[in-house]
Amino acid sequence: MNGKEFIKAVETVEKEKGINREIIFEAMENALMAAYKRNTGLQNCLVRIEKATGDIKVYSYLTVVEDEKEDDEESDGIDLDIEISLTDARKQNPTLNIGDTIETEITPKEDFGRVATSTAKQVLIQKIREAERNSIMDELGDKQDELLIGTVELEDTDNYYINLGRSNGILPKKECIPGEKIQMGSQIKVYVSKVDANSKGLLILLSRTHYGFIKRLFELEIPEISDGNVLLYSVARDAGNRSKVAVYSENDRIDPIGACIGERGTRIANILGELHGEKIDIVKYDKDPAIFIENALSPAKNLKVLIMDPKKQEALVVADDENFSLAIGKKGNNARLASKLTHYKIDIKNIQQACDAGIHFREEV
């Protein structure tokens, strides 16, 4: 690669990759200077590249210092390899002052062209990678916690690799909805659980089991949520089995649950279709924690909720025999999700258990 070829390559990279040519020249000069120092052992040298022609010049330099004083016992003297006295310097150029440098061209006539060519290629490749990584980071770096659509491109034992356009994301198989079948080449919605830029590139971790996946699906499918007329308070999820979503509206004329279900259930049907059989309970959030907990324990009804300790967020729920098992749910799943949804520790008892614990009600549950 001669000077003209190098300049042409720089111009191409600048145009196609958006890398400022000054950055490339500076990186090239620093890389060549490091290579020259390594090969020759000379430390006081520098490299300059002519921006118009691509010609490369190597210079050694001496730093101008004060004249050595004969009676100065504390002075270490002038290091003639890297320094020159002010008097000697001004013999060459009367305008020089302390701290200035005198440069001498020492460009090698042999082998340096080969070193320069190899270094130029390395620098260009490195800068292209850096620019692409930065560009991708600018595009995807703020996508954490967002919903993206990608194409299933590759698969190995533990992961699917999803093409997101300019980069691939990793969807671990353990982050897929239990029981779902993912086909190669198909388009798929994914939740970005982590974006991490490191020396090796951009790591994008994806999920379809994260509770945020449900949240983003609701925002995508329900206009009232995306425009702020319906607010999503919290989401609790047992991926592949059941999720609970708490919503509310500050506009009394809007039914938040009805808005999420949609006419003839079309909106919630679109979400359920993405979840492959996972059930969703849409419950109404209430500022009164007792009412909110009762709503969260749906489909159980006729519950008596006592807030035992507001600071510790502990509640006792008493259910009649007909609703006791519904409130707890299969393997305790309904109660567990309700607890996550409301952020309360919920203890559920039937009437007999409540009485045995010394809890009595004036009115029947």
# chains A, B, ... in the order shown; residues from 1 in each chain; ligands from 1
>>> select_by_dssp(residues="segment 242-304 of chain A", states="helix (DSSP H, G or I)", output="list in words")
Pro256, Ile257, Gly258, Ala259, Cys260, Ile261, Glu263, Arg264, Gly265, Thr266, Arg267, Ile268, Ala269, Asn270, Ile271, Leu272, Gly273, Glu274, Leu275, Pro289, Ala290, Ile291, Phe292, Ile293, Glu294, Asn295 and Ala296 of chain A
>>> residues_around(residues="segment 183-188 of chain A", least_positions_apart="5", cutoff="6 Å", atoms="only C-alpha atoms", output="number ranges by chain")
A: 149-153
>>> closest_residue(among="A:Lys244, A:His276, A:Lys15, A:Lys284", to="Ala259 of chain A", atoms="only C-alpha atoms")
A:Lys284
>>> closest_residue(among="A:Lys331, A:Asn97, A:Lys312, A:Lys215", to="Ile280 of chain A", atoms="only C-alpha atoms")
A:Lys215
>>> select_by_dssp(residues="segment 24-253 of chain A", states="strand (DSSP E)", output="PyMOL selection string")
chain A and resi 45-49+56-65+83-85+101-105+147-155+159-163+168-172+187-198+201-207+231-238+242-248
>>> closest_atom_pairs(of="segment 95-182 of chain A", to="segment 209-212 of chain A", cutoff="6 Å", atoms="only C-alpha atoms", output="JSON lines")
{"residue": "A:Glu175", "atom": "CA", "partner": "A:Thr209", "partner_atom": "CA", "distance": 5.3}
{"residue": "A:Cys176", "atom": "CA", "partner": "A:Thr209", "partner_atom": "CA", "distance": 6.0}
{"residue": "A:Ile177", "atom": "CA", "partner": "A:Thr209", "partner_atom": "CA", "distance": 5.7}
>>> closest_residue(among="A:Lys340, A:Lys109, A:Lys173, A:Lys127", to="Ala296 of chain A", atoms="only C-alpha atoms")
A:Lys340
>>> closest_residue(among="A:Val47, A:Leu275, A:Ile257, A:Val235", to="Glu180 of chain A", atoms="only C-alpha atoms")
A:Leu275
>>> atom_distance(atom1="atom CA of Ser193 of chain A", atom2="atom CA of Ile162 of chain A")
13.7 Å
>>> residues_around(residues="Ser298 of chain A", least_positions_apart="5", cutoff="10 Å", atoms="only C-alpha atoms", output="CSV table (one decimal) with C-alpha atoms, in the first residue's frame")
chain,number,residue,atom,x,y,z
A,244,LYS,CA,-51.2,-10.8,36.3
A,281,ASP,CA,-55.4,-11.9,34.6
A,282,ILE,CA,-56.1,-8.2,34.1
A,283,VAL,CA,-56.9,-6.7,37.5
A,293,ILE,CA,-55.1,-7.3,47.1
A,303,LEU,CA,-62.6,-12.2,50.3
A,323,ASN,CA,-62.9,-19.5,47.2
A,326,LEU,CA,-59.0,-20.4,44.1
A,327,ALA,CA,-57.3,-17.7,46.1
A,329,GLY,CA,-54.2,-21.4,43.2
A,334,ASN,CA,-52.3,-17.4,42.3
A,335,ALA,CA,-51.3,-16.2,45.8
A,338,ALA,CA,-50.8,-11.6,43.7
>>> residues_around(residues="Ser234 of chain A", least_positions_apart="4", cutoff="8 Å", atoms="only C-alpha atoms", output="PyMOL selection string")
chain A and resi 245-247+341-342
>>> residues_around(residues="Ile225 of chain A", least_positions_apart="5", cutoff="9 Å", atoms="only C-alpha atoms", output="PDB file with N, CA, C and O atoms, in the first residue's frame")
ATOM      1  N   PHE A 218     -48.326  -5.210  26.084  1.00  0.00           N
ATOM      2  CA  PHE A 218     -49.514  -4.404  26.389  1.00  0.00           C
ATOM      3  C   PHE A 218     -49.372  -2.999  25.796  1.00  0.00           C
ATOM      4  O   PHE A 218     -50.322  -2.438  25.246  1.00  0.00           O
ATOM      5  N   GLU A 219     -48.185  -2.430  25.917  1.00  0.00           N
ATOM      6  CA  GLU A 219     -47.959  -1.086  25.358  1.00  0.00           C
ATOM      7  C   GLU A 219     -48.083  -1.098  23.840  1.00  0.00           C
ATOM      8  O   GLU A 219     -48.560  -0.126  23.234  1.00  0.00           O
ATOM      9  N   LEU A 220     -47.671  -2.201  23.229  1.00  0.00           N
ATOM     10  CA  LEU A 220     -47.720  -2.310  21.771  1.00  0.00           C
ATOM     11  C   LEU A 220     -49.145  -2.486  21.257  1.00  0.00           C
ATOM     12  O   LEU A 220     -49.532  -1.891  20.248  1.00  0.00           O
ATOM     13  N   VAL A 230     -54.469   4.901  29.929  1.00  0.00           N
ATOM     14  CA  VAL A 230     -54.497   3.761  30.843  1.00  0.00           C
ATOM     15  C   VAL A 230     -53.075   3.545  31.334  1.00  0.00           C
ATOM     16  O   VAL A 230     -52.132   3.518  30.537  1.00  0.00           O
ATOM     17  N   LEU A 231     -52.912   3.406  32.635  1.00  0.00           N
ATOM     18  CA  LEU A 231     -51.595   3.260  33.233  1.00  0.00           C
ATOM     19  C   LEU A 231     -51.393   1.832  33.721  1.00  0.00           C
ATOM     20  O   LEU A 231     -52.296   1.225  34.296  1.00  0.00           O
ATOM     21  N   LEU A 232     -50.229   1.320  33.466  1.00  0.00           N
ATOM     22  CA  LEU A 232     -49.875  -0.034  33.879  1.00  0.00           C
ATOM     23  C   LEU A 232     -49.097   0.065  35.186  1.00  0.00           C
ATOM     24  O   LEU A 232     -47.987   0.584  35.209  1.00  0.00           O
ATOM     25  N   PRO A 256     -60.270   0.752  32.346  1.00  0.00           N
ATOM     26  CA  PRO A 256     -58.929   0.259  32.002  1.00  0.00           C
ATOM     27  C   PRO A 256     -58.907  -1.217  31.624  1.00  0.00           C
ATOM     28  O   PRO A 256     -58.172  -1.609  30.709  1.00  0.00           O
ATOM     29  N   ALA A 259     -60.469  -1.598  28.150  1.00  0.00           N
ATOM     30  CA  ALA A 259     -59.555  -1.119  27.109  1.00  0.00           C
ATOM     31  C   ALA A 259     -58.505  -2.167  26.784  1.00  0.00           C
ATOM     32  O   ALA A 259     -58.119  -2.330  25.624  1.00  0.00           O
ATOM     33  N   CYS A 260     -58.051  -2.893  27.797  1.00  0.00           N
ATOM     34  CA  CYS A 260     -57.029  -3.919  27.575  1.00  0.00           C
ATOM     35  C   CYS A 260     -57.610  -5.145  26.874  1.00  0.00           C
ATOM     36  O   CYS A 260     -56.923  -5.780  26.066  1.00  0.00           O
TER      37      CYS A 260
END
>>> closest_residue(among="A:Thr266, A:Lys330, A:Ser118, A:Gln313", to="Ile346 of chain A", atoms="only C-alpha atoms")
A:Gln313
>>> atom_distance(atom1="atom CA of Ala354 of chain A", atom2="atom CA of Leu297 of chain A")
17.9 Å
>>> residues_around(residues="Val115 of chain A", least_positions_apart="4", cutoff="9 Å", atoms="only C-alpha atoms", output="number ranges by chain")
A: 32, 35-36, 111, 119-120
>>> closest_atom_pairs(of="segment 174-219 of chain A", to="segment 139-142 of chain A", cutoff="10 Å", atoms="only C-alpha atoms", output="CSV")
residue,atom,partner,partner_atom,distance
A:Val192,CA,A:Leu140,CA,9.8
A:Lys194,CA,A:Gly141,CA,9.5
A:Val195,CA,A:Gly141,CA,6.3
A:Asp196,CA,A:Gly141,CA,7.9
A:Ala197,CA,A:Gly141,CA,8.1
A:Leu202,CA,A:Gly141,CA,8.6
A:Leu203,CA,A:Gly141,CA,9.9
A:Ile204,CA,A:Leu140,CA,8.7
>>> closest_atom_pairs(of="segment 102-215 of chain A", to="segment 48-58 of chain A", cutoff="9 Å", atoms="only C-alpha atoms", output="Markdown table")
| residue | atom | partner | partner_atom | distance |
| --- | --- | --- | --- | --- |
| A:Thr104 | CA | A:Val58 | CA | 8.5 |
| A:Glu105 | CA | A:Val58 | CA | 5.8 |
| A:Ile106 | CA | A:Val58 | CA | 5.5 |
| A:Thr107 | CA | A:Val58 | CA | 4.5 |
| A:Pro108 | CA | A:Val58 | CA | 7.7 |
| A:Gly113 | CA | A:Ile56 | CA | 8.8 |
| A:Ala116 | CA | A:Ile56 | CA | 8.2 |
>>> write_last_selection(atoms="C-alpha atoms", output="compact mmCIF listing (two decimals), in the first residue's frame")
# COMPACT_ATOMS: atom_id res chain seq x y z
CA THR A 104 15.93 15.51 12.51
CA GLU A 105 14.46 13.28 9.84
CA ILE A 106 15.49 9.64 10.25
CA THR A 107 13.00 7.92 7.96
CA PRO A 108 14.37 4.39 7.22
CA GLY A 113 7.44 0.65 3.92
CA ALA A 116 3.92 0.96 7.39
